[in-house]
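Shown below: query_13.tsv, with TSV, C-alpha atoms.
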```
chain	number	residue	atom	x	y	z
M	1	MET	CA	0.00	0.00	0.00
M	2	LEU	CA	1.30	3.45	-0.94
M	3	GLU	CA	2.02	5.96	1.81
M	4	ILE	CA	-0.45	8.38	0.28
M	5	GLU	CA	-3.13	5.69	0.55
M	6	LYS	CA	-2.34	5.15	4.23
M	7	THR	CA	-2.71	8.88	4.85
M	8	LEU	CA	-6.02	8.99	2.99
M	9	ILE	CA	-7.36	6.03	4.98
M	10	HIS	CA	-6.22	7.79	8.16
M	11	LEU	CA	-8.01	11.04	7.29
M	12	SER	CA	-11.19	9.29	6.13
M	13	HIS	CA	-11.65	7.85	9.62
M	14	CYS	CA	-11.62	11.29	11.25
M	15	ARG	CA	-15.03	12.75	12.03
M	16	GLY	CA	-15.47	15.93	10.02
M	17	PHE	CA	-13.48	14.70	7.01
M	18	ARG	CA	-15.00	15.94	3.73
M	19	HIS	CA	-13.91	14.81	0.30
M	20	LEU	CA	-13.95	18.32	-1.22
M	21	ASN	CA	-11.63	19.65	1.47
M	22	PHE	CA	-9.41	16.65	0.89
M	23	PHE	CA	-8.97	17.65	-2.75
M	24	LYS	CA	-7.90	21.13	-1.65
M	25	LEU	CA	-5.21	19.52	0.48
M	26	LEU	CA	-4.19	17.21	-2.35
M	27	LYS	CA	-3.85	20.15	-4.75
M	28	ALA	CA	-1.62	22.01	-2.31
M	29	ASP	CA	0.39	18.91	-1.34
M	30	PRO	CA	0.25	15.93	-3.77
M	31	THR	CA	1.99	13.69	-1.23
M	32	LEU	CA	-0.34	14.61	1.69
M	33	THR	CA	2.65	14.55	4.05
M	34	SER	CA	2.13	18.15	5.17
M	35	ILE	CA	-1.00	17.20	7.11
M	36	TYR	CA	1.15	15.80	9.91
M	37	GLY	CA	2.92	19.13	10.36
M	38	LEU	CA	-0.17	21.32	10.58
M	39	SER	CA	-1.29	22.98	13.79
M	40	ASP	CA	-4.75	22.35	15.20
M	41	GLN	CA	-5.88	25.74	13.92
M	42	GLU	CA	-4.59	24.99	10.41
M	43	ILE	CA	-6.41	21.65	10.43
M	44	GLN	CA	-9.57	23.42	11.52
M	45	LEU	CA	-9.32	25.90	8.65
M	46	LEU	CA	-8.43	23.24	6.07
M	47	PHE	CA	-11.37	20.97	6.86
M	48	LYS	CA	-13.71	23.83	7.85
M	49	LEU	CA	-14.31	22.35	11.28
M	50	THR	CA	-16.36	24.15	13.91
M	51	ASP	CA	-15.16	24.59	17.48
M	52	GLN	CA	-17.46	21.70	18.37
M	53	THR	CA	-16.28	19.27	15.65
M	54	LEU	CA	-12.55	20.07	15.87
M	55	PRO	CA	-11.99	18.05	19.10
M	56	GLN	CA	-13.69	15.02	17.49
M	57	PHE	CA	-11.49	15.24	14.41
M	58	LEU	CA	-8.33	15.61	16.50
M	59	GLN	CA	-9.29	12.72	18.77
M	60	ASP	CA	-9.72	10.43	15.77
M	61	PHE	CA	-6.62	11.83	14.08
M	62	HIS	CA	-4.33	11.13	17.03
M	63	SER	CA	-5.81	7.77	18.06
M	64	PHE	CA	-5.97	6.14	14.63
M	65	ASN	CA	-4.17	2.80	14.18
M	66	LEU	CA	-4.10	1.47	10.63
M	67	GLN	CA	-3.20	-2.09	11.56
M	68	ASP	CA	-6.06	-2.36	14.05
M	69	ILE	CA	-8.53	-0.99	11.51
M	70	LYS	CA	-7.36	-3.36	8.78
M	71	ALA	CA	-7.56	-6.36	11.11
M	72	HIS	CA	-11.09	-5.41	12.19
M	73	TYR	CA	-12.23	-4.95	8.60
M	74	GLU	CA	-10.73	-8.25	7.51
M	75	GLU	CA	-12.80	-9.99	10.20
M	76	GLN	CA	-15.93	-8.39	8.74
M	77	ASN	CA	-14.84	-8.98	5.13
M	78	PHE	CA	-14.78	-5.21	4.55
M	79	HIS	CA	-12.22	-3.74	2.18
M	80	MET	CA	-10.95	-0.32	1.09
M	81	LEU	CA	-10.16	1.02	-2.36
M	82	THR	CA	-8.54	4.43	-2.79
M	83	LEU	CA	-8.40	6.84	-5.68
M	84	PHE	CA	-4.69	6.03	-6.02
M	85	ASN	CA	-5.27	2.33	-6.67
M	86	ASP	CA	-5.26	1.00	-10.25
M	87	THR	CA	-8.44	-0.96	-9.50
M	88	TYR	CA	-10.40	2.25	-8.89
M	89	PRO	CA	-13.11	2.47	-11.61
M	90	GLU	CA	-12.03	4.76	-14.45
M	91	LEU	CA	-15.48	6.22	-15.16
M	92	LEU	CA	-15.84	7.25	-11.52
M	93	ARG	CA	-12.35	8.73	-11.53
M	94	GLU	CA	-13.43	11.07	-14.35
M	95	ILE	CA	-16.18	12.89	-12.44
M	96	PRO	CA	-15.40	16.32	-10.90
M	97	ASP	CA	-15.57	15.08	-7.30
M	98	PRO	CA	-14.84	11.33	-7.13
M	99	PRO	CA	-14.93	9.75	-3.66
M	100	PRO	CA	-11.29	9.58	-2.51
M	101	ILE	CA	-11.94	6.21	-0.90
M	102	LEU	CA	-14.50	3.44	-1.33
M	103	PHE	CA	-15.37	0.92	1.35
M	104	TYR	CA	-16.81	-2.26	-0.06
M	105	LYS	CA	-17.97	-5.78	0.58
M	106	GLY	CA	-18.33	-8.36	-2.15
M	107	ASP	CA	-16.82	-8.99	-5.57
M	108	ILE	CA	-14.57	-6.05	-6.49
M	109	SER	CA	-14.00	-7.49	-9.96
M	110	LEU	CA	-17.45	-6.18	-10.91
M	111	LEU	CA	-15.89	-2.72	-11.13
M	112	LYS	CA	-13.89	-3.86	-14.15
M	113	SER	CA	-17.00	-3.90	-16.32
M	114	LYS	CA	-17.09	-1.34	-19.13
M	115	LYS	CA	-20.86	-1.74	-19.36
M	116	MET	CA	-22.54	-0.26	-16.30
M	117	ILE	CA	-25.96	1.35	-16.29
M	118	SER	CA	-27.68	2.91	-13.27
M	119	ILE	CA	-31.41	2.61	-12.67
M	120	VAL	CA	-33.20	4.88	-10.20
M	121	GLY	CA	-36.78	5.77	-9.42
M	122	THR	CA	-39.54	6.17	-6.87
M	123	ARG	CA	-39.59	4.40	-3.53
M	124	ASN	CA	-43.29	3.68	-4.11
M	125	PRO	CA	-43.55	2.10	-7.55
M	126	THR	CA	-46.88	1.17	-9.09
M	127	THR	CA	-47.60	-2.02	-11.00
M	128	TYR	CA	-46.66	-0.11	-14.14
M	129	GLY	CA	-43.20	0.64	-12.76
M	130	SER	CA	-42.62	-2.97	-11.74
M	131	ASN	CA	-43.72	-4.23	-15.14
M	132	ALA	CA	-41.62	-1.62	-16.96
M	133	LEU	CA	-38.51	-2.90	-15.19
M	134	LYS	CA	-39.18	-6.31	-16.73
M	135	LYS	CA	-38.78	-4.72	-20.15
M	136	ILE	CA	-35.69	-2.70	-19.23
M	137	VAL	CA	-33.47	-4.96	-17.12
M	138	PRO	CA	-33.50	-8.42	-18.81
M	139	PRO	CA	-32.23	-7.20	-22.23
M	140	LEU	CA	-29.48	-5.23	-20.50
M	141	VAL	CA	-28.37	-8.20	-18.41
M	142	ARG	CA	-28.40	-10.52	-21.41
M	143	ASP	CA	-26.15	-8.04	-23.20
M	144	GLY	CA	-23.67	-8.09	-20.30
M	145	TRP	CA	-24.60	-4.86	-18.54
M	146	THR	CA	-24.08	-4.43	-14.80
M	147	ILE	CA	-27.03	-2.80	-13.02
M	148	VAL	CA	-26.08	-0.05	-10.54
M	149	SER	CA	-28.51	1.43	-8.03
M	150	GLY	CA	-28.84	2.63	-4.44
M	151	LEU	CA	-30.38	-0.35	-2.60
M	152	ALA	CA	-33.26	1.92	-1.57
M	153	LYS	CA	-36.90	0.89	-1.34
M	154	GLY	CA	-38.89	0.70	-4.54
M	155	ILE	CA	-37.34	0.89	-7.99
M	156	ASP	CA	-33.76	0.57	-6.67
M	157	ALA	CA	-34.43	-2.73	-4.92
M	158	LEU	CA	-36.55	-4.02	-7.80
M	159	ALA	CA	-33.76	-3.23	-10.28
M	160	HIS	CA	-31.21	-5.13	-8.18
M	161	CYS	CA	-33.60	-8.08	-7.82
M	162	ALA	CA	-34.37	-8.11	-11.54
M	163	ALA	CA	-30.64	-8.35	-12.28
M	164	LEU	CA	-30.24	-11.19	-9.78
M	165	ASN	CA	-33.23	-13.03	-11.22
M	166	GLU	CA	-31.58	-12.85	-14.65
M	167	LYS	CA	-28.31	-14.21	-13.19
M	168	GLY	CA	-26.68	-10.87	-13.94
M	169	ALA	CA	-24.31	-8.54	-12.08
M	170	THR	CA	-25.45	-5.67	-9.88
M	171	ILE	CA	-23.76	-3.07	-7.66
M	172	GLY	CA	-25.36	-1.23	-4.73
M	173	VAL	CA	-24.15	2.16	-3.52
M	174	ILE	CA	-25.35	2.97	-0.01
M	175	ALA	CA	-25.47	6.24	1.91
M	176	GLY	CA	-24.07	5.32	5.34
M	177	GLY	CA	-21.36	2.88	6.34
M	178	LEU	CA	-21.53	-0.87	5.78
M	179	HIS	CA	-22.29	-1.48	9.47
M	180	HIS	CA	-25.42	0.67	9.31
M	181	PHE	CA	-27.42	-0.34	6.26
M	182	TYR	CA	-30.66	1.54	5.56
M	183	PRO	CA	-33.51	0.77	4.96
M	184	LYS	CA	-34.01	-2.28	7.15
M	185	GLU	CA	-36.63	-3.67	4.76
M	186	ASN	CA	-33.86	-4.39	2.25
M	187	LYS	CA	-31.41	-5.91	4.73
M	188	ALA	CA	-31.75	-9.40	3.23
M	189	LEU	CA	-31.04	-7.99	-0.25
M	190	PHE	CA	-28.06	-6.08	1.15
M	191	GLU	CA	-26.66	-9.28	2.70
M	192	LYS	CA	-27.15	-11.22	-0.52
M	193	MET	CA	-25.46	-8.56	-2.63
M	194	SER	CA	-22.61	-8.19	-0.10
M	195	SER	CA	-22.00	-11.90	-0.46
M	196	GLU	CA	-22.60	-12.51	-4.17
M	197	GLN	CA	-22.34	-9.12	-5.84
M	198	LEU	CA	-20.87	-5.80	-4.62
M	199	VAL	CA	-21.90	-3.06	-2.18
M	200	LEU	CA	-20.03	0.25	-1.98
M	201	SER	CA	-19.94	3.25	0.35
M	202	GLU	CA	-17.69	6.29	0.56
M	203	HIS	CA	-18.05	6.33	4.35
M	204	PRO	CA	-16.27	4.12	6.90
M	205	PRO	CA	-18.38	1.17	8.09
M	206	ASN	CA	-19.24	2.68	11.49
M	207	VAL	CA	-20.78	5.88	10.03
M	208	LYS	CA	-24.55	6.09	10.42
M	209	PRO	CA	-26.45	7.41	7.38
M	210	GLN	CA	-27.35	11.10	7.46
M	211	LYS	CA	-29.87	12.92	5.26
M	212	TRP	CA	-27.12	14.65	3.29
M	213	HIS	CA	-25.44	11.32	2.53
M	214	PHE	CA	-28.25	10.28	0.17
M	215	PRO	CA	-28.01	13.05	-2.45
M	216	GLN	CA	-24.22	12.88	-2.12
M	217	ARG	CA	-24.09	9.17	-2.94
M	218	ASN	CA	-26.13	9.79	-6.10
M	219	ARG	CA	-23.04	11.18	-7.84
M	220	ILE	CA	-21.37	7.79	-7.30
M	221	ILE	CA	-24.33	5.88	-8.74
M	222	SER	CA	-24.31	7.99	-11.91
M	223	GLY	CA	-20.52	8.32	-11.93
M	224	LEU	CA	-19.97	4.57	-12.18
M	225	SER	CA	-22.26	4.31	-15.18
M	226	LEU	CA	-22.28	5.22	-18.85
M	227	GLY	CA	-25.92	6.18	-18.47
M	228	THR	CA	-28.70	6.60	-15.93
M	229	VAL	CA	-32.27	5.36	-16.38
M	230	VAL	CA	-35.05	7.17	-14.50
M	231	MET	CA	-38.29	5.30	-13.85
M	232	GLN	CA	-41.39	6.66	-12.12
M	233	ALA	CA	-40.09	9.83	-10.51
M	234	LYS	CA	-42.12	12.77	-9.28
M	235	GLU	CA	-41.24	16.31	-10.37
M	236	LYS	CA	-39.16	16.76	-7.21
M	237	SER	CA	-37.33	13.59	-6.25
M	238	GLY	CA	-33.91	12.18	-5.51
M	239	SER	CA	-34.02	10.36	-8.83
M	240	LEU	CA	-34.00	13.69	-10.67
M	241	ILE	CA	-31.00	14.76	-8.60
M	242	THR	CA	-29.22	11.66	-9.89
M	243	ALA	CA	-30.30	12.45	-13.45
M	244	ASN	CA	-29.06	16.04	-13.23
M	245	THR	CA	-25.80	14.83	-11.70
M	246	ALA	CA	-25.39	12.41	-14.61
M	247	ILE	CA	-25.90	15.30	-17.04
M	248	ASP	CA	-23.27	17.35	-15.20
M	249	GLN	CA	-20.91	14.37	-15.49
M	250	GLY	CA	-21.46	14.19	-19.25
M	251	ARG	CA	-23.35	10.90	-19.10
M	252	GLN	CA	-26.44	9.87	-21.02
M	253	VAL	CA	-29.82	10.08	-19.29
M	254	PHE	CA	-32.72	7.81	-20.20
M	255	ALA	CA	-36.30	8.10	-19.00
M	256	VAL	CA	-39.10	5.56	-19.12
M	257	PRO	CA	-42.29	7.44	-20.09
M	258	GLY	CA	-45.49	7.15	-18.13
M	259	SER	CA	-49.08	8.32	-18.05
M	260	ILE	CA	-49.71	12.07	-18.08
M	261	PHE	CA	-52.26	11.42	-15.33
M	262	ASP	CA	-49.73	9.81	-12.99
M	263	ASP	CA	-47.74	12.02	-10.60
M	264	PHE	CA	-45.08	9.30	-10.40
M	265	SER	CA	-44.37	9.74	-14.11
M	266	ALA	CA	-44.16	13.54	-14.08
M	267	GLY	CA	-40.43	13.65	-13.43
M	268	ALA	CA	-39.49	11.09	-16.08
M	269	ASN	CA	-41.77	12.74	-18.64
M	270	GLN	CA	-40.24	16.12	-17.84
M	271	LEU	CA	-36.75	14.70	-18.45
M	272	ILE	CA	-37.85	13.53	-21.88
M	273	LYS	CA	-39.09	17.04	-22.65
M	274	GLN	CA	-35.66	18.33	-21.67
M	275	GLY	CA	-33.84	15.95	-24.00
M	276	ALA	CA	-33.46	12.68	-22.11
M	277	TYR	CA	-33.51	9.60	-24.33
M	278	LEU	CA	-36.89	7.89	-24.24
M	279	ALA	CA	-36.48	4.24	-23.26
M	280	GLU	CA	-39.32	1.78	-23.76
M	281	ASP	CA	-37.11	-1.30	-23.72
M	282	GLY	CA	-33.61	-2.26	-22.63
M	283	SER	CA	-32.61	-2.52	-26.28
M	284	ASP	CA	-33.19	1.24	-26.66
M	285	ILE	CA	-30.44	1.83	-24.09
M	286	ILE	CA	-28.12	-0.79	-25.58
M	287	ASN	CA	-28.43	0.72	-29.06
M	288	ASP	CA	-27.85	4.27	-27.85
M	289	LEU	CA	-24.71	3.39	-25.84
M	290	PHE	CA	-23.32	0.99	-28.45
M	291	LEU	CA	-20.62	3.35	-29.73
M	292	GLN	CA	-19.49	4.32	-26.22
M	293	VAL	CA	-19.00	0.69	-25.30
```
Structure rendered as structure tokens:
Amino acid sequence: MLEIEKTLIHLSHCRGFRHLNFFKLLKADPTLTSIYGLSDQEIQLLFKLTDQTLPQFLQDFHSFNLQDIKAHYEEQNFHMLTLFNDTYPELLREIPDPPPILFYKGDISLLKSKKMISIVGTRNPTTYGSNALKKIVPPLVRDGWTIVSGLAKGIDALAHCAALNEKGATIGVIAGGLHHFYPKENKALFEKMSSEQLVLSEHPPNVKPQKWHFPQRNRIISGLSLGTVVMQAKEKSGSLITANTAIDQGRQVFAVPGSIFDDFSAGANQLIKQGAYLAEDGSDIINDLFLQV
């Protein structure tokens, strides 16, 4: 393991660590060695810590033991992948703010796939949404695409399950740490994917999910993928945040159309108005992304 990776792992386990502030440090010092010579006040300014959060950061910073952490993670079958590792997914590396470190459980070889597509949507899908997934996911899986989503209730979980039912590959990106999976309703799916597929988080395993973690993790879902498919999303929803993030990342956005009388289709229909590719079948997505693959 490179020294710079050890330093990154160290910092990521300090409460108050933020990836954007990390990149400021990296730009000023590509080796990260200067962090160990900074005063408490300089650390506070660098990571924009309040007077209340600074003591927590410093406590973690001075008590961290890499060997103990690695041994504990190995017992739990948790692993770490940093931005400086060759295994780090290239598509994710290209986004403006890639997570400096990924914590994962499962088959890391899934990240080697050049054909990843993310599928997001409402947490309360109708029968139409469930049936639409049956037209979208199977053709993608048969063509070798890996399905990426957020392991949330609704469309996310259904997309993962559809991929598993087709004997395909799927990756889940969660908001909190691996020790604190949310929502509990999908715990069995989380365990299955942790064992047979791959689950990722940018937060250490002991971090409990916070509200701001969910929109933040959306950039990882879209960043891993060549395109993002939106199914059954209201006009204001987390799925549209993911779609807009995908656009900002220069990725293709697909939307599955729905009834003009259905609030759950308003967001997807609006995306189509704005130029998203209309997808009625998985083959529509395959054909559109053919040249990129």
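You will find atom CA of Asp107 of chain M at 12.6 Å from atom CA of Thr146 of chain M.
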Mind checking which residues fall within 7 Å of Ile174 of chain M, counting all atoms listed in the file, ignoring those fewer than 6 positions away in the same chain, and posting them as a VMD selection string? chain M and resid 150 to 151 200 to 201 217
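Each of M:Ser118, M:Lys187, M:Asp51, M:Thr170 was checked against Ala246 of chain M using only C-alpha atoms; the smallest atom-to-atom distance is that of M:Ser118.
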Mind dumping a table of every segment 81-163 of chain M residue within 8 Å of segment 202-209 of chain M, with the nearest atom pair and its distance in Å to one decimal, using all atoms listed in the file, sorted by chain and rising number, as JSON lines?
```
{"residue": "M:Pro99", "atom": "CA", "partner": "M:Glu202", "partner_atom": "CA", "distance": 6.1}
{"residue": "M:Pro100", "atom": "CA", "partner": "M:Glu202", "partner_atom": "CA", "distance": 7.8}
{"residue": "M:Ile101", "atom": "CA", "partner": "M:Glu202", "partner_atom": "CA", "distance": 5.9}
{"residue": "M:Leu102", "atom": "CA", "partner": "M:Glu202", "partner_atom": "CA", "distance": 4.7}
{"residue": "M:Phe103", "atom": "CA", "partner": "M:Glu202", "partner_atom": "CA", "distance": 5.9}
```
Expected file: the selected residues, C-alpha atoms, as a short mmCIF file (atom, residue, chain, number, x, y, z; two decimals), in the coordinates of the input:
```cif
data_model
loop_
_atom_site.label_atom_id
_atom_site.label_comp_id
_atom_site.auth_asym_id
_atom_site.auth_seq_id
_atom_site.Cartn_x
_atom_site.Cartn_y
_atom_site.Cartn_z
CA PRO M 99 -14.93 9.75 -3.66
CA PRO M 100 -11.29 9.58 -2.51
CA ILE M 101 -11.94 6.21 -0.90
CA LEU M 102 -14.50 3.44 -1.33
CA PHE M 103 -15.37 0.92 1.35
#
```
Counting only C-alpha atoms, the option among M:Gly129, M:Glu94, M:Gln59, M:Thr87 closest to Ser259 of chain M: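 Residue with the minimum atom-to-atom distance to Ser259 of chain M: M:Gly129.
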Against segment 152-165 of chain M, which residues of segment 81-146 of chain M fall within 10 Å? For each one I want the closest pair of atoms and the distance in Å (one decimal), counting only C-alpha atoms, rows by chain and increasing residue number, as a Markdown table.
```
| residue | atom | partner | partner_atom | distance |
| --- | --- | --- | --- | --- |
| M:Ser118 | CA | M:Ala159 | CA | 9.1 |
| M:Ile119 | CA | M:Ala159 | CA | 6.7 |
| M:Val120 | CA | M:Asp156 | CA | 5.6 |
| M:Gly121 | CA | M:Ile155 | CA | 5.1 |
| M:Thr122 | CA | M:Ile155 | CA | 5.8 |
| M:Arg123 | CA | M:Gly154 | CA | 3.9 |
| M:Asn124 | CA | M:Gly154 | CA | 5.3 |
| M:Pro125 | CA | M:Gly154 | CA | 5.7 |
| M:Thr126 | CA | M:Gly154 | CA | 9.2 |
| M:Gly129 | CA | M:Ile155 | CA | 7.6 |
| M:Ser130 | CA | M:Leu158 | CA | 7.3 |
| M:Leu133 | CA | M:Ala159 | CA | 6.8 |
| M:Lys134 | CA | M:Ala162 | CA | 7.3 |
| M:Ile136 | CA | M:Ala159 | CA | 9.2 |
| M:Val137 | CA | M:Ala162 | CA | 6.5 |
| M:Pro138 | CA | M:Ala163 | CA | 7.1 |
| M:Leu140 | CA | M:Ala163 | CA | 8.9 |
| M:Val141 | CA | M:Ala163 | CA | 6.5 |
| M:Arg142 | CA | M:Ala163 | CA | 9.6 |
| M:Trp145 | CA | M:Ala163 | CA | 9.4 |
| M:Thr146 | CA | M:Ala163 | CA | 8.0 |
```
When you look at Phe254 of chain M with a cut-off of 7 Å (counting all atoms listed in the file), what residues show up, excluding the ones that are within fewer than 3 positions of it in the same chain? I need them as a VMD selection string. chain M and resid 228 to 230 276 to 279
Just the number, please: distance in Å from atom CA of Ile220 of chain M to atom CA of Glu75 of chain M, one decimal. 26.4 Å
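Pairwise distance (atom CA of Asp284 of chain M, atom CA of Lys115 of chain M) equals 14.6 Å.
Omitting segment 25-35 of chain M and its sequence neighbours fewer than 4 positions away, and counting only C-alpha atoms, the residues within 8 Å are Ile4, Thr7, Asn21, Ile43 and Leu46 of chain M.
Of the residues under consideration (M:Arg219, M:His10, M:Glu90, M:Asp281), M:His10 shows the shortest atom-to-atom contact distance to Asp68 of chain M when counting all atoms listed in the file.
Comparing M:Asp86, M:Leu8, M:Arg93, M:Ala255 by their smallest distance to Leu66 of chain M, the closest is M:Leu8 (using all atoms listed in the file).
Here the residues that fall within 9 Å of (-22.2, 1.4, -18.5), using only C-alpha atoms, are given as Leu91, Ser113, Lys114, Lys115, Met116, Ile117, Ser118, Trp145, Thr146, Ile147, Val148, Leu224, Ser225, Leu226, Gly227, Thr228, Leu289, Gln292 and Val293 of chain M.
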Considering all atoms listed in the file, state which residue in the set M:Cys14, M:Leu81, M:Leu2, M:Ile95 is at the smallest distance from Gly250 of chain M.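 Going through M:Cys14, M:Leu81, M:Leu2, M:Ile95 one by one, the smallest distance to Gly250 of chain M is for M:Ile95.
Minimum atom-to-atom distances from M:Glu3, M:Asp143, M:Asn85, M:Asn77 to Asn287 of chain M were compared using only C-alpha atoms, and the lowest value belongs to M:Asp143.
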List as a VMD selection string the protein and nucleic acid residues near His213 of chain M, meaning an atom at most 9 Å away when only C-alpha atoms are counted, but skip any in the same chain fewer than 5 places from it. chain M and resid 174 to 176 218
